[in-house]
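Colleague: This is the structure I want to talk about, given as structure tokens.
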Amino acid sequence: MKVCVIGVGYVGLVTGVCLAEIGHDVICVDNIESKIEKLNNGISPIYEPGLEKFIEKNMKSGKLNFTTNLKYGVEKGEIIFISVGTPSLSNGQADLSYVEAVAVEVGKYINDEKIIVNKSTVPIGSGDWVSMVVSESIEKNNLNKDVKFNVASNPEFLREGSAVGDTFFPDRIVIGSSSKKAIEKMLELYKPIIEQSFGWPPDVPRLLPKGQKIPVVVSDLTSAEMIKYAANSFLATKISYINEVANICEKVGADILKVAEGIGLDSRIGPKFLNAGIGWGGSCFPKDVSALAYIANEYGMTPQILNSIINVNREQRLKIVKKVQDELKIVKGKTIAVLGIAFKPDTDDTREAPSISIMNSLINLGAKIKAYDPIVKERPHTLSEKVTLSKDSYDAIKDADLLIIATEWDEFRTLDYAKIKNTMNHNIIIDGRNMFNKEKFEDLGFKYMGIGR
Ligand SMILES: NC(=O)c1ccc[n+]([C@@H]2O[C@H](COP(=O)([O-])OP(=O)(O)OC[C@H]3O[C@@H](n4cnc5c(N)ncnc54)[C@H](O)[C@@H]3O)[C@@H](O)[C@H]2O)c1
């Protein structure tokens, strides 16, 4: 099938590449020229393990093309994915201006019957709204007023850092539409994934056995849109819940690692997302929880659980700052090393990263911060100019009064902490991700603090 993906970010790029790999002809469109130029040179503009190999292979075979020419993509594609960003406005509402701009352009250039798919995470009702925007644009801008289209919602559940595997081997595929034809086309598009029948490089392990069927949830548009918000809000709730339990553990002297193990073995609960830490961040949870809360407010409801998890998460970051104050007493003039800037390991995404709000708060208290991340090499625009970016972990930690682990990159597990101890001013470590064995660090002579232990 011929596919056009508009918005070549973490979601659009991975979606486009994987659809090409399972045999479709894909045109990926973005309005940032430098991004398209990089991609046309076979370079991924984002850090996503395993992705570049598939980009290269599918560009070579001609199945995957990158362009800034939206008209070309829309005219060629039978299925048009909208996968642009939907960030938060200051009131928590999702900013749909990027989706709207694309929908207007699609209406302008649509030349025959298409399926327009909302891949972006969009508020409930956006499917019908996109349909309206496209129709209005056809009416206004298109010579062919009778051109037909159907809208589908196909929310994305990939995780940055394992996006390629998540796309080929998803837990489920959700397709929402009021059009039977659109649903049938989408099922045909995803058939090789649903049936796990696609070819796979022999040197990369398959995450699911060939032939094992992927569950598909077919629904109306509204339910599909709600599934995405409800899923992300539930995962964020799980993290905020374990963080709250961790805070109680600290007070009563329990160990959150044992508590999480004990409750996670309950099959009704499960072990995932029970890692206490400095809170959730990233490009999805914060904006999606806020957007769902905003929607509830619009309907006159008070979303009490959603409001609480937002507050618990905000306070969790402040708790780290408080721990630093408790340890250093006077923060002004002290040197603090921060390992990890990305919101989680295996990505270069720093949107809403807890590390950033923690560093900015400490800078406001007068601390000197030296930060290091294995992949994030450019200062995120949200990070204070006063934070020094170090060339490696050892450089960041040298002469520090305190070390904060903010992202659980594997690289930090194998540092020579015995050597590090001798280069620090004071041997205090706040392990914001509970990466390390407390006793081991205490044996090395560190004052070690995790979360909830
Ligand atoms: N990042 C994730 O892990 C993830 C997971 C699931 C769902 N989502 C959702 O997917 C959507 C996209 O997220 P993302 O992280 O990929 O965003 P992103 O910011 O990484 O990518 C969006 C891309 O859209 C492009 N774009 C914006 N306006 C455009 C236009 N008019 N024409 C062409 N291109 C345009 C931007 O240049 C950018 O490259 C969001 O709604 C997000 O909530 C993201």
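Labels used: A, B, ... for chains in the order of the structure tokens, numbers from 1 for residues in each chain, and numbers from 1 for ligands as shown.
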Check which residues fall inside 7 Å of ligand 1 when counting only C-alpha atoms and all ligand atoms, and print them as a PyMOL selection string.
Modeller: chain A and resi 6-12+29-32+83-86+98+101-102+119-122+155-160+283-284
Colleague: Write out as a PyMOL selection string all residues of region 148-242 of chain A that backbone DSSP assigns to strand (DSSP E).
Modeller: chain A and resi 149-153+173-176+216-219
Colleague: Now that the selection is made, can you save its residues with C-alpha atoms as a PDB file, in the first residue's frame?
Modeller:
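The resulting selection30.pdb:
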ATOM      1  CA  PHE A 149     -11.845  10.683   2.648  1.00  0.00           C
ATOM      2  CA  ASN A 150     -12.394   8.805   5.892  1.00  0.00           C
ATOM      3  CA  VAL A 151     -10.741   9.452   9.231  1.00  0.00           C
ATOM      4  CA  ALA A 152      -9.363   6.797  11.576  1.00  0.00           C
ATOM      5  CA  SER A 153      -7.682   6.967  14.953  1.00  0.00           C
ATOM      6  CA  ILE A 173      -3.105  -2.389  17.721  1.00  0.00           C
ATOM      7  CA  VAL A 174      -6.018  -0.005  18.216  1.00  0.00           C
ATOM      8  CA  ILE A 175      -8.040   1.203  15.250  1.00  0.00           C
ATOM      9  CA  GLY A 176     -11.028   3.482  15.674  1.00  0.00           C
ATOM     10  CA  VAL A 216      -6.477  -5.783  17.583  1.00  0.00           C
ATOM     11  CA  VAL A 217      -9.029  -3.514  19.236  1.00  0.00           C
ATOM     12  CA  VAL A 218     -11.452  -2.095  16.691  1.00  0.00           C
ATOM     13  CA  SER A 219     -13.644   0.665  18.033  1.00  0.00           C
TER      14      SER A 219
END
Colleague: Would you list the contacts of Leu415 (chain A) as a list of chain:residue names, taking every protein, DNA or RNA residue within 12 Å and counting only C-alpha atoms, but skipping same-chain residues closer than 6 positions in sequence?
Modeller: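 Counting only the stated atoms, we get A:Leu339, A:Asp392, A:Ser393, A:Tyr394, A:Ile397, A:Trp409, A:Lys421, A:Phe436.
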Colleague: Can I get the selection written as a short mmCIF file (atom, residue, chain, number, x, y, z; two decimals), in the first residue's frame, with N, CA and C atoms?
Modeller:
data_model
loop_
_atom_site.label_atom_id
_atom_site.label_comp_id
_atom_site.auth_asym_id
_atom_site.auth_seq_id
_atom_site.Cartn_x
_atom_site.Cartn_y
_atom_site.Cartn_z
N LEU A 339 24.17 12.87 36.90
CA LEU A 339 24.38 11.90 35.81
C LEU A 339 23.03 11.56 35.19
N ASP A 392 32.38 13.66 30.33
CA ASP A 392 32.07 12.30 30.74
C ASP A 392 31.67 12.29 32.22
N SER A 393 31.34 11.11 32.71
CA SER A 393 30.87 11.01 34.11
C SER A 393 31.95 11.46 35.08
N TYR A 394 33.18 11.03 34.85
CA TYR A 394 34.27 11.33 35.78
C TYR A 394 34.51 12.84 35.87
N ILE A 397 31.78 14.43 37.92
CA ILE A 397 31.77 14.12 39.35
C ILE A 397 32.98 14.72 40.10
N TRP A 409 20.97 5.20 32.94
CA TRP A 409 21.74 4.69 31.81
C TRP A 409 22.63 3.54 32.28
N LYS A 421 35.17 8.05 44.32
CA LYS A 421 35.09 8.48 45.72
C LYS A 421 36.25 9.42 46.06
N PHE A 436 21.38 1.33 42.33
CA PHE A 436 22.53 0.68 42.95
C PHE A 436 22.20 -0.02 44.26
#
Colleague: Smallest atom-to-atom distance to Tyr417 (chain A): which of A:Gly16, A:Asp401, A:Phe446, A:Glu78, using only C-alpha atoms?
Modeller: A:Phe446
Colleague: Restricting the calculation to only C-alpha atoms, which member of A:Ala236, A:Lys60, A:Val376, A:Asn307 is positioned closest to Tyr294 (chain A)?
Modeller: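 Under the stated criterion, the closest residue is A:Asn307.
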Colleague: Residues within 10 Å of Lys287 (chain A), please, as number ranges by chain. Count only C-alpha atoms; anything in the same chain fewer than 2 positions from it doesn't count.
Modeller: A: 86-89, 92-95, 121, 229, 232-233, 281-285, 289-293, 352
Colleague: Selected residues, N, CA and C atoms, written as a PDB file, in the first residue's frame, please.
Modeller:
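Below is the file out-v4.pdb, written as the result:
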ATOM      1  N   THR A  86       1.718  17.128  19.735  1.00  0.00           N
ATOM      2  CA  THR A  86       0.530  17.715  20.375  1.00  0.00           C
ATOM      3  C   THR A  86       0.917  18.134  21.795  1.00  0.00           C
ATOM      4  N   PRO A  87       1.813  19.105  21.918  1.00  0.00           N
ATOM      5  CA  PRO A  87       2.315  19.462  23.259  1.00  0.00           C
ATOM      6  C   PRO A  87       1.228  20.099  24.123  1.00  0.00           C
ATOM      7  N   SER A  88       1.577  20.347  25.374  1.00  0.00           N
ATOM      8  CA  SER A  88       0.611  20.960  26.309  1.00  0.00           C
ATOM      9  C   SER A  88       0.606  22.464  26.160  1.00  0.00           C
ATOM     10  N   LEU A  89      -0.583  23.063  26.246  1.00  0.00           N
ATOM     11  CA  LEU A  89      -0.650  24.508  26.442  1.00  0.00           C
ATOM     12  C   LEU A  89      -0.509  24.745  27.948  1.00  0.00           C
ATOM     13  N   GLY A  92      -2.883  23.036  30.311  1.00  0.00           N
ATOM     14  CA  GLY A  92      -2.963  21.574  30.307  1.00  0.00           C
ATOM     15  C   GLY A  92      -3.613  21.021  29.050  1.00  0.00           C
ATOM     16  N   GLN A  93      -4.338  21.883  28.350  1.00  0.00           N
ATOM     17  CA  GLN A  93      -5.013  21.460  27.126  1.00  0.00           C
ATOM     18  C   GLN A  93      -3.978  21.066  26.058  1.00  0.00           C
ATOM     19  N   ALA A  94      -4.343  20.083  25.200  1.00  0.00           N
ATOM     20  CA  ALA A  94      -3.416  19.716  24.116  1.00  0.00           C
ATOM     21  C   ALA A  94      -3.436  20.802  23.040  1.00  0.00           C
ATOM     22  N   ASP A  95      -2.254  21.160  22.575  1.00  0.00           N
ATOM     23  CA  ASP A  95      -2.125  22.161  21.506  1.00  0.00           C
ATOM     24  C   ASP A  95      -2.310  21.446  20.166  1.00  0.00           C
ATOM     25  N   THR A 121      -1.297  11.745  19.468  1.00  0.00           N
ATOM     26  CA  THR A 121      -2.213  11.600  20.609  1.00  0.00           C
ATOM     27  C   THR A 121      -3.051  12.871  20.678  1.00  0.00           C
ATOM     28  N   TYR A 229      -5.260   7.991  26.034  1.00  0.00           N
ATOM     29  CA  TYR A 229      -5.129   8.829  27.237  1.00  0.00           C
ATOM     30  C   TYR A 229      -5.262   7.989  28.511  1.00  0.00           C
ATOM     31  N   ASN A 232      -1.965   5.874  29.134  1.00  0.00           N
ATOM     32  CA  ASN A 232      -0.839   6.655  29.667  1.00  0.00           C
ATOM     33  C   ASN A 232      -1.121   7.149  31.082  1.00  0.00           C
ATOM     34  N   SER A 233      -2.345   7.544  31.337  1.00  0.00           N
ATOM     35  CA  SER A 233      -2.675   8.037  32.677  1.00  0.00           C
ATOM     36  C   SER A 233      -2.580   6.903  33.696  1.00  0.00           C
ATOM     37  N   GLY A 281       8.360  11.692  33.457  1.00  0.00           N
ATOM     38  CA  GLY A 281       8.539  12.864  32.604  1.00  0.00           C
ATOM     39  C   GLY A 281       8.360  12.423  31.177  1.00  0.00           C
ATOM     40  N   GLY A 282       9.067  13.090  30.267  1.00  0.00           N
ATOM     41  CA  GLY A 282       9.004  12.686  28.872  1.00  0.00           C
ATOM     42  C   GLY A 282       7.963  13.455  28.095  1.00  0.00           C
ATOM     43  N   SER A 283       7.871  13.069  26.828  1.00  0.00           N
ATOM     44  CA  SER A 283       7.023  13.841  25.925  1.00  0.00           C
ATOM     45  C   SER A 283       5.570  13.417  26.017  1.00  0.00           C
ATOM     46  N   CYS A 284       5.277  12.347  26.748  1.00  0.00           N
ATOM     47  CA  CYS A 284       3.891  11.836  26.715  1.00  0.00           C
ATOM     48  C   CYS A 284       3.141  11.948  28.038  1.00  0.00           C
ATOM     49  N   PHE A 285       3.652  11.296  29.093  1.00  0.00           N
ATOM     50  CA  PHE A 285       2.852  11.227  30.322  1.00  0.00           C
ATOM     51  C   PHE A 285       2.407  12.605  30.819  1.00  0.00           C
ATOM     52  N   VAL A 289      -1.625  13.196  30.694  1.00  0.00           N
ATOM     53  CA  VAL A 289      -2.397  13.227  31.949  1.00  0.00           C
ATOM     54  C   VAL A 289      -3.081  14.586  32.077  1.00  0.00           C
ATOM     55  N   SER A 290      -2.332  15.659  31.786  1.00  0.00           N
ATOM     56  CA  SER A 290      -2.920  17.006  31.874  1.00  0.00           C
ATOM     57  C   SER A 290      -4.065  17.170  30.885  1.00  0.00           C
ATOM     58  N   ALA A 291      -3.886  16.625  29.686  1.00  0.00           N
ATOM     59  CA  ALA A 291      -4.945  16.776  28.675  1.00  0.00           C
ATOM     60  C   ALA A 291      -6.205  16.025  29.095  1.00  0.00           C
ATOM     61  N   LEU A 292      -6.039  14.832  29.683  1.00  0.00           N
ATOM     62  CA  LEU A 292      -7.237  14.085  30.115  1.00  0.00           C
ATOM     63  C   LEU A 292      -7.921  14.818  31.271  1.00  0.00           C
ATOM     64  N   ALA A 293      -7.119  15.367  32.180  1.00  0.00           N
ATOM     65  CA  ALA A 293      -7.698  16.140  33.295  1.00  0.00           C
ATOM     66  C   ALA A 293      -8.447  17.356  32.733  1.00  0.00           C
ATOM     67  N   GLU A 352      10.302  17.480  29.343  1.00  0.00           N
ATOM     68  CA  GLU A 352       9.761  17.263  30.705  1.00  0.00           C
ATOM     69  C   GLU A 352      10.618  16.299  31.529  1.00  0.00           C
TER      70      GLU A 352
END
Colleague: Which residues are near Ser44 (chain A)? Cut-off 12 Å, only C-alpha atoms, ignore same chain within fewer than 2 positions. Put them as number ranges by chain.
Modeller: A: 8-10, 13-14, 17, 34-42, 46-56, 66, 348
Colleague: Using only C-alpha atoms, which of the listed residues (A:Lys438, A:Lys191, A:Lys148, A:Lys377) sits closest to Val134 (chain A)?
Modeller: A:Lys148
Colleague: Looking only at the backbone, which of the residues in region 378-432 of chain A does DSSP tag as alpha helix (DSSP H), as a VMD selection string?
Modeller: chain A and resid 393 to 397 417 to 423
Colleague: Using only C-alpha atoms, which of A:Val252, A:Ile214, A:Ile242, A:Ile358 sits nearest Ser197 (chain A)?
Modeller: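 Using only C-alpha atoms, Ser197 (chain A) sits closest to A:Ile214.
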Colleague: Which residues are near region 169-171 of chain A? Cut-off 10 Å, only C-alpha atoms, ignore same chain within fewer than 5 positions. Put them as a ChimeraX atom specification.
Modeller: /A:156-158,163-164,193-194,196,206-209,212-216
Colleague: Measuring atom to atom with only C-alpha atoms, identify which of A:Leu265, A:Pro354, A:Val104, A:Trp280 is nearest to Ser131 (chain A).
Modeller: A:Val104
Colleague: Determine, counting only C-alpha atoms, which protein, DNA and RNA residues have an atom within 12 Å of an atom of Ile115 (chain A); residues of the same chain fewer than 3 positions away are not included. Present the result as a short mmCIF file (atom, residue, chain, number, x, y, z; two decimals) with C-alpha atoms, in the first residue's frame.
Modeller:
data_model
loop_
_atom_site.label_atom_id
_atom_site.label_comp_id
_atom_site.auth_asym_id
_atom_site.auth_seq_id
_atom_site.Cartn_x
_atom_site.Cartn_y
_atom_site.Cartn_z
CA MET A 1 0.00 0.00 0.00
CA LYS A 2 1.07 3.60 -0.49
CA VAL A 3 1.51 5.44 2.77
CA CYS A 4 2.30 9.04 3.61
CA VAL A 5 3.48 9.89 7.13
CA VAL A 74 -0.57 13.53 0.10
CA GLU A 75 -1.12 12.94 -3.60
CA GLY A 77 -0.48 8.16 -0.27
CA GLU A 78 -3.66 6.09 0.03
CA ILE A 79 -3.28 6.23 3.78
CA ILE A 80 -2.10 9.50 5.31
CA PHE A 81 -0.80 9.44 8.86
CA ILE A 82 -0.74 12.64 10.89
CA VAL A 106 -4.15 17.66 3.42
CA GLY A 107 -7.50 19.18 2.43
CA ILE A 110 -6.04 15.62 -1.51
CA ASN A 111 -6.62 14.36 -5.04
CA ASP A 112 -8.53 11.08 -4.66
CA ASN A 118 -4.64 10.41 13.56
CA GLY A 127 -11.17 12.59 14.78
CA VAL A 130 -9.91 16.70 11.78
CA SER A 131 -12.64 15.53 9.42
CA VAL A 134 -10.11 18.74 6.07
CA VAL A 147 -12.97 14.22 -3.24
CA LYS A 148 -13.69 11.66 -0.51
CA PHE A 149 -11.84 10.68 2.65
CA ASN A 150 -12.39 8.80 5.89
CA VAL A 151 -10.74 9.45 9.23
CA ALA A 152 -9.36 6.80 11.58
CA SER A 153 -7.68 6.97 14.95
CA ASN A 154 -4.67 4.70 15.40
CA SER A 177 -13.28 4.73 12.92
CA SER A 178 -16.91 5.09 11.93
CA SER A 179 -15.95 3.93 8.44
CA LYS A 180 -15.94 0.19 7.76
CA LYS A 181 -13.78 0.81 4.72
CA ALA A 182 -11.17 2.70 6.76
CA ILE A 183 -11.02 -0.09 9.32
CA GLU A 184 -10.61 -2.73 6.61
CA LYS A 185 -7.81 -0.76 4.97
CA MET A 186 -6.03 -0.28 8.29
CA LEU A 189 -2.00 -2.22 6.27
#
Colleague: Identify which of the residues A:Thr222, A:Thr237, A:Gln316, A:Asn275 lies closest to Asp288 (chain A), counting only C-alpha atoms when measuring atom-to-atom distances.
Modeller: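 Of A:Thr222, A:Thr237, A:Gln316, A:Asn275, the one nearest Asp288 (chain A), counting only C-alpha atoms, is A:Thr237.
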